[in-house]
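Asks: data.pdb is reproduced in full below (PDB, C-alpha atoms).
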```pdb
ATOM      1  CA  MET A1005       0.000   0.000   0.000
ATOM      2  CA  ALA A1006       1.332   3.436  -0.916
ATOM      3  CA  LYS A1007       2.311   5.762   1.881
ATOM      4  CA  LYS A1008       0.081   8.810   2.259
ATOM      5  CA  GLN A1009       1.724  11.993   1.075
ATOM      6  CA  LYS A1010       1.393  15.105   3.208
ATOM      7  CA  LYS A1011       2.296  18.658   2.343
ATOM      8  CA  ARG A1012       2.958  20.891   5.311
ATOM      9  CA  PRO A1013       3.036  24.647   5.539
ATOM     10  CA  GLN A1014       6.558  25.981   5.628
ATOM     11  CA  SER A1015       6.032  28.013   8.792
ATOM     12  CA  GLY A1016       5.776  24.998  11.113
ATOM     13  CA  GLY A1017       2.049  24.513  10.856
ATOM     14  CA  THR A1018      -1.122  25.397  12.682
ATOM     15  CA  PRO A1019      -3.056  23.286  15.188
ATOM     16  CA  ALA A1020      -5.163  22.109  12.208
ATOM     17  CA  THR A1021      -2.217  20.900  10.129
ATOM     18  CA  VAL A1022      -0.545  19.413  13.194
ATOM     19  CA  ALA A1023      -3.750  17.428  13.893
ATOM     20  CA  LEU A1024      -3.903  16.232  10.281
ATOM     21  CA  THR A1025      -0.269  15.151  10.322
ATOM     22  CA  ALA A1026      -0.658  13.375  13.667
ATOM     23  CA  ALA A1027      -3.680  11.480  12.309
ATOM     24  CA  GLY A1028      -1.770  10.399   9.195
ATOM     25  CA  THR A1029      -4.377  12.017   6.955
ATOM     26  CA  THR A1030      -3.668  12.899   3.335
ATOM     27  CA  PHE A1031      -4.039  16.644   2.828
ATOM     28  CA  THR A1032      -2.691  19.573   0.849
ATOM     29  CA  VAL A1033      -2.079  23.055   2.209
ATOM     30  CA  HIS A1034      -2.845  26.058  -0.015
ATOM     31  CA  ALA A1035      -1.541  29.499   0.954
ATOM     32  CA  TYR A1036      -2.596  32.787  -0.598
ATOM     33  CA  GLU A1037      -2.157  36.475   0.109
ATOM     34  CA  HIS A1038      -5.067  37.502   2.351
ATOM     35  CA  ASP A1039      -6.582  40.943   1.737
ATOM     36  CA  PRO A1040      -7.843  42.369   5.066
ATOM     37  CA  ALA A1041     -10.375  44.488   3.130
ATOM     38  CA  SER A1042     -12.022  41.427   1.553
ATOM     39  CA  PRO A1043     -15.732  41.275   2.463
ATOM     40  CA  SER A1044     -15.814  37.436   2.428
ATOM     41  CA  TYR A1045     -12.891  35.305   3.613
ATOM     42  CA  GLY A1046     -14.286  32.176   1.964
ATOM     43  CA  GLU A1047     -15.011  33.718  -1.421
ATOM     44  CA  GLU A1048     -11.585  35.356  -1.322
ATOM     45  CA  ALA A1049     -10.032  31.912  -0.746
ATOM     46  CA  ALA A1050     -11.983  30.320  -3.603
ATOM     47  CA  GLU A1051     -10.959  33.066  -6.013
ATOM     48  CA  ALA A1052      -7.308  33.119  -4.896
ATOM     49  CA  LEU A1053      -7.011  29.337  -5.204
ATOM     50  CA  GLY A1054      -8.978  29.082  -8.451
ATOM     51  CA  VAL A1055     -11.385  26.634  -6.833
ATOM     52  CA  SER A1056     -15.159  26.563  -7.297
ATOM     53  CA  PRO A1057     -16.908  28.222  -4.287
ATOM     54  CA  ASP A1058     -18.974  25.062  -3.802
ATOM     55  CA  ARG A1059     -15.735  23.198  -2.894
ATOM     56  CA  VAL A1060     -14.518  25.782  -0.382
ATOM     57  CA  PHE A1061     -16.251  25.481   2.984
ATOM     58  CA  LYS A1062     -16.485  28.024   5.784
ATOM     59  CA  THR A1063     -16.439  27.127   9.454
ATOM     60  CA  LEU A1064     -19.120  28.831  11.501
ATOM     61  CA  VAL A1065     -19.733  28.538  15.220
ATOM     62  CA  ALA A1066     -23.326  28.590  16.403
ATOM     63  CA  ASP A1067     -25.080  28.269  19.731
ATOM     64  CA  VAL A1068     -27.516  25.348  19.694
ATOM     65  CA  ASP A1069     -29.639  25.370  22.835
ATOM     66  CA  GLY A1070     -26.771  26.821  24.862
ATOM     67  CA  ARG A1071     -24.074  24.537  23.412
ATOM     68  CA  LEU A1072     -21.471  25.785  20.916
ATOM     69  CA  THR A1073     -21.618  23.782  17.698
ATOM     70  CA  VAL A1074     -19.530  23.969  14.524
ATOM     71  CA  ALA A1075     -21.230  24.186  11.125
ATOM     72  CA  VAL A1076     -19.191  23.652   7.957
ATOM     73  CA  VAL A1077     -20.970  24.941   4.839
ATOM     74  CA  PRO A1078     -19.997  26.024   1.303
ATOM     75  CA  VAL A1079     -18.829  29.635   1.027
ATOM     76  CA  ALA A1080     -21.173  30.014  -1.950
ATOM     77  CA  GLY A1081     -24.201  29.818   0.357
ATOM     78  CA  SER A1082     -25.295  30.416   3.902
ATOM     79  CA  LEU A1083     -26.094  28.437   7.022
ATOM     80  CA  ASP A1084     -29.676  27.328   7.686
ATOM     81  CA  LEU A1085     -29.825  27.738  11.477
ATOM     82  CA  LYS A1086     -33.057  25.756  11.811
ATOM     83  CA  ALA A1087     -31.551  22.820   9.895
ATOM     84  CA  LEU A1088     -28.395  23.021  12.034
ATOM     85  CA  ALA A1089     -30.430  22.921  15.248
ATOM     86  CA  SER A1090     -32.273  19.845  14.007
ATOM     87  CA  ALA A1091     -29.067  18.094  12.866
ATOM     88  CA  ALA A1092     -27.422  18.820  16.226
ATOM     89  CA  GLY A1093     -30.404  17.442  18.138
ATOM     90  CA  GLY A1094     -31.547  20.843  19.362
ATOM     91  CA  LYS A1095     -34.506  23.148  18.977
ATOM     92  CA  ARG A1096     -32.963  26.564  18.343
ATOM     93  CA  ALA A1097     -29.697  27.811  16.886
ATOM     94  CA  THR A1098     -28.209  31.295  16.733
ATOM     95  CA  MET A1099     -24.805  32.471  15.623
ATOM     96  CA  ALA A1100     -22.331  32.335  18.516
ATOM     97  CA  ASP A1101     -20.756  35.423  19.983
ATOM     98  CA  PRO A1102     -17.533  35.930  17.950
ATOM     99  CA  ALA A1103     -15.420  36.328  21.103
ATOM    100  CA  ALA A1104     -16.790  33.053  22.518
ATOM    101  CA  ALA A1105     -16.106  31.294  19.197
ATOM    102  CA  GLU A1106     -12.518  32.563  19.143
ATOM    103  CA  ARG A1107     -11.887  31.736  22.799
ATOM    104  CA  THR A1108     -13.329  28.225  22.520
ATOM    105  CA  THR A1109     -11.722  27.234  19.207
ATOM    106  CA  GLY A1110      -8.386  28.995  19.693
ATOM    107  CA  TYR A1111      -8.655  30.594  16.259
ATOM    108  CA  VAL A1112      -9.480  34.129  15.083
ATOM    109  CA  ARG A1113     -12.603  34.936  13.065
ATOM    110  CA  GLY A1114     -11.944  34.341   9.388
ATOM    111  CA  GLY A1115      -9.384  31.679  10.288
ATOM    112  CA  ILE A1116     -11.457  29.259  12.370
ATOM    113  CA  SER A1117     -10.753  25.718  11.283
ATOM    114  CA  PRO A1118     -12.946  22.721  12.075
ATOM    115  CA  LEU A1119      -9.676  20.885  12.851
ATOM    116  CA  GLY A1120      -7.319  21.257  15.809
ATOM    117  CA  GLN A1121      -9.651  23.359  17.911
ATOM    118  CA  ARG A1122      -8.744  24.139  21.516
ATOM    119  CA  LYS A1123     -11.966  22.443  22.656
ATOM    120  CA  ARG A1124     -13.563  19.854  20.372
ATOM    121  CA  LEU A1125     -17.090  20.959  19.569
ATOM    122  CA  PRO A1126     -19.959  18.997  18.031
ATOM    123  CA  THR A1127     -19.631  19.435  14.266
ATOM    124  CA  VAL A1128     -22.110  19.256  11.383
ATOM    125  CA  LEU A1129     -20.789  19.135   7.810
ATOM    126  CA  ASP A1130     -23.110  20.120   4.972
ATOM    127  CA  ALA A1131     -24.094  17.034   2.968
ATOM    128  CA  SER A1132     -23.085  18.764  -0.290
ATOM    129  CA  ALA A1133     -19.455  18.088   0.667
ATOM    130  CA  ARG A1134     -19.968  14.449  -0.336
ATOM    131  CA  ALA A1135     -20.372  15.537  -3.972
ATOM    132  CA  HIS A1136     -16.638  16.327  -4.136
ATOM    133  CA  PRO A1137     -13.572  14.089  -3.791
ATOM    134  CA  THR A1138     -11.891  16.881  -1.810
ATOM    135  CA  ILE A1139     -12.972  20.147  -0.207
ATOM    136  CA  CYS A1140     -11.061  23.084   1.227
ATOM    137  CA  VAL A1141     -11.481  24.411   4.765
ATOM    138  CA  SER A1142      -9.504  26.905   6.795
ATOM    139  CA  ALA A1143      -6.147  25.591   7.933
ATOM    140  CA  GLY A1144      -6.281  27.802  11.003
ATOM    141  CA  ARG A1145      -5.382  31.277   9.817
ATOM    142  CA  ARG A1146      -6.474  33.766   7.210
ATOM    143  CA  GLY A1147      -4.768  33.061   3.895
ATOM    144  CA  LEU A1148      -4.274  29.351   4.552
ATOM    145  CA  GLU A1149      -6.583  26.544   3.423
ATOM    146  CA  VAL A1150      -6.296  22.805   3.751
ATOM    147  CA  GLU A1151      -7.695  20.412   1.137
ATOM    148  CA  LEU A1152      -8.842  16.958   2.199
ATOM    149  CA  SER A1153     -11.626  14.462   1.590
ATOM    150  CA  PRO A1154     -14.987  15.180   3.244
ATOM    151  CA  GLU A1155     -14.899  11.716   4.821
ATOM    152  CA  ASP A1156     -11.522  12.408   6.440
ATOM    153  CA  LEU A1157     -12.792  15.753   7.738
ATOM    154  CA  ALA A1158     -15.875  14.083   9.213
ATOM    155  CA  ALA A1159     -13.815  11.310  10.791
ATOM    156  CA  LEU A1160     -11.316  13.704  12.381
ATOM    157  CA  THR A1161     -13.954  16.077  13.773
ATOM    158  CA  GLY A1162     -16.633  13.535  14.645
ATOM    159  CA  ALA A1163     -18.938  15.415  12.273
ATOM    160  CA  VAL A1164     -22.312  14.285  11.069
ATOM    161  CA  PHE A1165     -23.424  15.046   7.516
ATOM    162  CA  ALA A1166     -26.701  16.957   7.135
ATOM    163  CA  GLU A1167     -28.299  19.416   4.749
ATOM    164  CA  ILE A1168     -27.530  22.616   6.670
ATOM    165  CA  GLY A1169     -26.520  24.942   3.828
ATOM    166  CA  ARG A1170     -28.680  27.252   1.749
ATOM    167  CA  PRO A1171     -27.741  28.403  -1.750
TER     168      PRO A1171
END
```
Could you quickly redo this structure as structure tokens?
Replies:
Amino acid sequence: MAKKQKKRPQSGGTPATVALTAAGTTFTVHAYEHDPASPSYGEEAAEALGVSPDRVFKTLVADVDGRLTVAVVPVAGSLDLKALASAAGGKRATMADPAAAERTTGYVRGGISPLGQRKRLPTVLDASARAHPTICVSAGRRGLEVELSPEDLAALTGAVFAEIGRP
């Protein structure tokens, strides 16, 4: 069996890439020059990497019945909070306070990765991810994306797949 090939960022990595390496997961890191004036981090990443926006996923932190929960949805759409609440076994979801999301995950807004978080949160991955052999998610800082299979992402985060995105 062929050994899995890993590409690491040259700066020593982020908690996300460290977690991927430790798990022996196949992944590719993509770096790009982040523009602080960009109105959408995810759409900026898709454009900079030349990847379709339906293959680049954003990591959002929501509050589902008082419990922080991670939602991973395509940057081309938005999060359906009602669908997220249902998928997470709750009744009501709202977007989490940005400071609470940063404090809990250990990442800054615009660079929150579903991988390598300070505290592992329940995670829901939009079912559309399964339509692609690989997807891109934040690697833990603005201007850095990691590409991996949706199944590997789900396995590493304990995510469930559900239709939580809206076009």
Asks: In Å, rounded to a single decimal, give me how far atom CA of A:Asp1067 is from atom CA of A:Ala1104.
Replies: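 We find that atom CA of A:Ala1104 and atom CA of A:Asp1067 lie 10.0 Å from each other.
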Asks: When the PyMOL selection byres ((chain A and resi 1167) around 7) is applied to the structure above, which residues does it catch, written out as a PDB file with C-alpha atoms, in the frame of the given file?
Replies:
```pdb
ATOM      1  CA  ALA A1087     -31.551  22.820   9.895  1.00  0.00           C
ATOM      2  CA  ASP A1130     -23.110  20.120   4.972  1.00  0.00           C
ATOM      3  CA  ALA A1131     -24.094  17.034   2.968  1.00  0.00           C
ATOM      4  CA  ALA A1166     -26.701  16.957   7.135  1.00  0.00           C
ATOM      5  CA  ILE A1168     -27.530  22.616   6.670  1.00  0.00           C
ATOM      6  CA  GLY A1169     -26.520  24.942   3.828  1.00  0.00           C
TER       7      GLY A1169
END
```
Asks: Given the file above and the PyMOL selection byres ((chain A and resi 1155-1159) around 10), which residues are selected, and can you give them as a PDB file with C-alpha atoms, in the coordinates of the input?
Replies:
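Printed below is expr07.pdb as written:
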```
ATOM      1  CA  LEU A1024      -3.903  16.232  10.281  1.00  0.00           C
ATOM      2  CA  ALA A1027      -3.680  11.480  12.309  1.00  0.00           C
ATOM      3  CA  THR A1029      -4.377  12.017   6.955  1.00  0.00           C
ATOM      4  CA  THR A1030      -3.668  12.899   3.335  1.00  0.00           C
ATOM      5  CA  PHE A1031      -4.039  16.644   2.828  1.00  0.00           C
ATOM      6  CA  PRO A1118     -12.946  22.721  12.075  1.00  0.00           C
ATOM      7  CA  LEU A1119      -9.676  20.885  12.851  1.00  0.00           C
ATOM      8  CA  THR A1127     -19.631  19.435  14.266  1.00  0.00           C
ATOM      9  CA  VAL A1128     -22.110  19.256  11.383  1.00  0.00           C
ATOM     10  CA  LEU A1129     -20.789  19.135   7.810  1.00  0.00           C
ATOM     11  CA  ALA A1133     -19.455  18.088   0.667  1.00  0.00           C
ATOM     12  CA  ARG A1134     -19.968  14.449  -0.336  1.00  0.00           C
ATOM     13  CA  PRO A1137     -13.572  14.089  -3.791  1.00  0.00           C
ATOM     14  CA  THR A1138     -11.891  16.881  -1.810  1.00  0.00           C
ATOM     15  CA  ILE A1139     -12.972  20.147  -0.207  1.00  0.00           C
ATOM     16  CA  CYS A1140     -11.061  23.084   1.227  1.00  0.00           C
ATOM     17  CA  VAL A1141     -11.481  24.411   4.765  1.00  0.00           C
ATOM     18  CA  GLU A1151      -7.695  20.412   1.137  1.00  0.00           C
ATOM     19  CA  LEU A1152      -8.842  16.958   2.199  1.00  0.00           C
ATOM     20  CA  SER A1153     -11.626  14.462   1.590  1.00  0.00           C
ATOM     21  CA  PRO A1154     -14.987  15.180   3.244  1.00  0.00           C
ATOM     22  CA  LEU A1160     -11.316  13.704  12.381  1.00  0.00           C
ATOM     23  CA  THR A1161     -13.954  16.077  13.773  1.00  0.00           C
ATOM     24  CA  GLY A1162     -16.633  13.535  14.645  1.00  0.00           C
ATOM     25  CA  ALA A1163     -18.938  15.415  12.273  1.00  0.00           C
ATOM     26  CA  VAL A1164     -22.312  14.285  11.069  1.00  0.00           C
ATOM     27  CA  PHE A1165     -23.424  15.046   7.516  1.00  0.00           C
TER      28      PHE A1165
END
```
Asks: Expanded to explicit residues, what is the PyMOL selection byres ((chain A and resi 1039-1044) around 9) for this file, as a list of chain:residue names?
Replies: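 Checking the PyMOL selection byres ((chain A and resi 1039-1044) around 9) against this file, the residues are A:Glu1037, A:His1038, A:Tyr1045, A:Gly1046, A:Glu1047, A:Glu1048, A:Ala1049, A:Val1079, A:Gly1114, A:Arg1146, A:Gly1147.
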Asks: With all atoms listed in the file as the basis for distance, which of A:Arg1122, A:Lys1086, A:Arg1170, A:Arg1113 is at the shortest distance from A:Ser1142?
Replies: A:Arg1113
Asks: Considering all atoms listed in the file, return as a list in words whatever protein or nucleic-acid residues lie within 9 Å of A:Tyr1111, sequence-local ones (same chain, fewer than 5 positions apart) excluded.
Replies: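 In the requested form, the answer reads Ala1105, Glu1106, Ile1116, Ser1117, Gln1121, Arg1122, Gly1144 and Arg1145 of chain A.
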Asks: Give me the residues within 10 Å of A:Arg1096 as a list in words, counting all atoms listed in the file and dropping any in the same chain fewer than 4 places off.
Replies: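 Listed by chain and then number, they are Asp1067, Val1068, Asp1069, Gly1070, Leu1085, Lys1086, Ala1087, Leu1088, Ala1089, Ser1090 and Ala1092 of chain A.
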Asks: Please output stretch 1070-1081 of chain A, rebuilt to include all heavy atoms, as an mmCIF file, keeping the file's coordinate frame.
Replies:
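Result written to rebuild.cif:
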```cif
data_model
loop_
_atom_site.group_PDB
_atom_site.id
_atom_site.type_symbol
_atom_site.label_atom_id
_atom_site.label_comp_id
_atom_site.auth_asym_id
_atom_site.auth_seq_id
_atom_site.Cartn_x
_atom_site.Cartn_y
_atom_site.Cartn_z
ATOM 1 N N GLY A 1070 -27.756 26.548 23.828
ATOM 2 C CA GLY A 1070 -26.771 26.821 24.862
ATOM 3 C C GLY A 1070 -25.459 26.071 24.712
ATOM 4 O O GLY A 1070 -24.580 26.173 25.564
ATOM 5 N N ARG A 1071 -25.301 25.307 23.636
ATOM 6 C CA ARG A 1071 -24.074 24.537 23.412
ATOM 7 C C ARG A 1071 -23.428 24.977 22.098
ATOM 8 O O ARG A 1071 -24.082 24.970 21.056
ATOM 9 C CB ARG A 1071 -24.433 23.052 23.357
ATOM 10 C CG ARG A 1071 -23.229 22.139 23.346
ATOM 11 C CD ARG A 1071 -23.642 20.710 23.506
ATOM 12 N NE ARG A 1071 -24.041 20.215 22.194
ATOM 13 C CZ ARG A 1071 -24.351 18.964 21.937
ATOM 14 N NH1 ARG A 1071 -24.370 18.078 22.896
ATOM 15 N NH2 ARG A 1071 -24.679 18.601 20.721
ATOM 16 N N LEU A 1072 -22.166 25.382 22.138
ATOM 17 C CA LEU A 1072 -21.471 25.785 20.916
ATOM 18 C C LEU A 1072 -21.340 24.581 19.988
ATOM 19 O O LEU A 1072 -20.992 23.475 20.422
ATOM 20 C CB LEU A 1072 -20.100 26.372 21.229
ATOM 21 C CG LEU A 1072 -20.101 27.720 21.943
ATOM 22 C CD1 LEU A 1072 -18.675 28.213 22.146
ATOM 23 C CD2 LEU A 1072 -20.915 28.756 21.182
ATOM 24 N N THR A 1073 -21.623 24.827 18.719
ATOM 25 C CA THR A 1073 -21.618 23.782 17.698
ATOM 26 C C THR A 1073 -20.988 24.353 16.434
ATOM 27 O O THR A 1073 -21.238 25.498 16.077
ATOM 28 C CB THR A 1073 -23.061 23.327 17.401
ATOM 29 O OG1 THR A 1073 -23.651 22.862 18.618
ATOM 30 C CG2 THR A 1073 -23.107 22.216 16.367
ATOM 31 N N VAL A 1074 -20.192 23.551 15.755
ATOM 32 C CA VAL A 1074 -19.530 23.969 14.524
ATOM 33 C C VAL A 1074 -20.369 23.536 13.327
ATOM 34 O O VAL A 1074 -20.824 22.390 13.257
ATOM 35 C CB VAL A 1074 -18.117 23.355 14.430
ATOM 36 C CG1 VAL A 1074 -17.483 23.624 13.075
ATOM 37 C CG2 VAL A 1074 -17.232 23.881 15.539
ATOM 38 N N ALA A 1075 -20.551 24.465 12.389
ATOM 39 C CA ALA A 1075 -21.230 24.186 11.125
ATOM 40 C C ALA A 1075 -20.236 24.453 10.003
ATOM 41 O O ALA A 1075 -19.585 25.496 9.987
ATOM 42 C CB ALA A 1075 -22.454 25.082 10.973
ATOM 43 N N VAL A 1076 -20.116 23.515 9.079
ATOM 44 C CA VAL A 1076 -19.191 23.652 7.957
ATOM 45 C C VAL A 1076 -20.034 23.625 6.685
ATOM 46 O O VAL A 1076 -20.638 22.598 6.356
ATOM 47 C CB VAL A 1076 -18.129 22.531 7.972
ATOM 48 C CG1 VAL A 1076 -17.108 22.741 6.856
ATOM 49 C CG2 VAL A 1076 -17.432 22.453 9.332
ATOM 50 N N VAL A 1077 -20.102 24.785 6.010
ATOM 51 C CA VAL A 1077 -20.970 24.941 4.839
ATOM 52 C C VAL A 1077 -20.200 25.594 3.693
ATOM 53 O O VAL A 1077 -19.209 26.288 3.923
ATOM 54 C CB VAL A 1077 -22.227 25.783 5.176
ATOM 55 C CG1 VAL A 1077 -23.104 25.084 6.206
ATOM 56 C CG2 VAL A 1077 -21.856 27.172 5.654
ATOM 57 N N PRO A 1078 -20.674 25.399 2.446
ATOM 58 C CA PRO A 1078 -19.997 26.024 1.303
ATOM 59 C C PRO A 1078 -20.006 27.549 1.402
ATOM 60 O O PRO A 1078 -20.996 28.137 1.840
ATOM 61 C CB PRO A 1078 -20.816 25.569 0.092
ATOM 62 C CG PRO A 1078 -21.594 24.389 0.554
ATOM 63 C CD PRO A 1078 -21.816 24.582 2.020
ATOM 64 N N VAL A 1079 -18.903 28.172 0.991
ATOM 65 C CA VAL A 1079 -18.829 29.635 1.027
ATOM 66 C C VAL A 1079 -19.802 30.265 0.043
ATOM 67 O O VAL A 1079 -20.154 31.436 0.183
ATOM 68 C CB VAL A 1079 -17.395 30.160 0.778
ATOM 69 C CG1 VAL A 1079 -16.434 29.606 1.791
ATOM 70 C CG2 VAL A 1079 -16.922 29.893 -0.632
ATOM 71 N N ALA A 1080 -20.253 29.495 -0.944
ATOM 72 C CA ALA A 1080 -21.173 30.014 -1.950
ATOM 73 C C ALA A 1080 -22.579 30.224 -1.395
ATOM 74 O O ALA A 1080 -23.404 30.849 -2.036
ATOM 75 C CB ALA A 1080 -21.225 29.075 -3.146
ATOM 76 N N GLY A 1081 -22.859 29.712 -0.217
ATOM 77 C CA GLY A 1081 -24.201 29.818 0.357
ATOM 78 C C GLY A 1081 -24.165 30.333 1.773
ATOM 79 O O GLY A 1081 -23.225 31.019 2.189
#
```
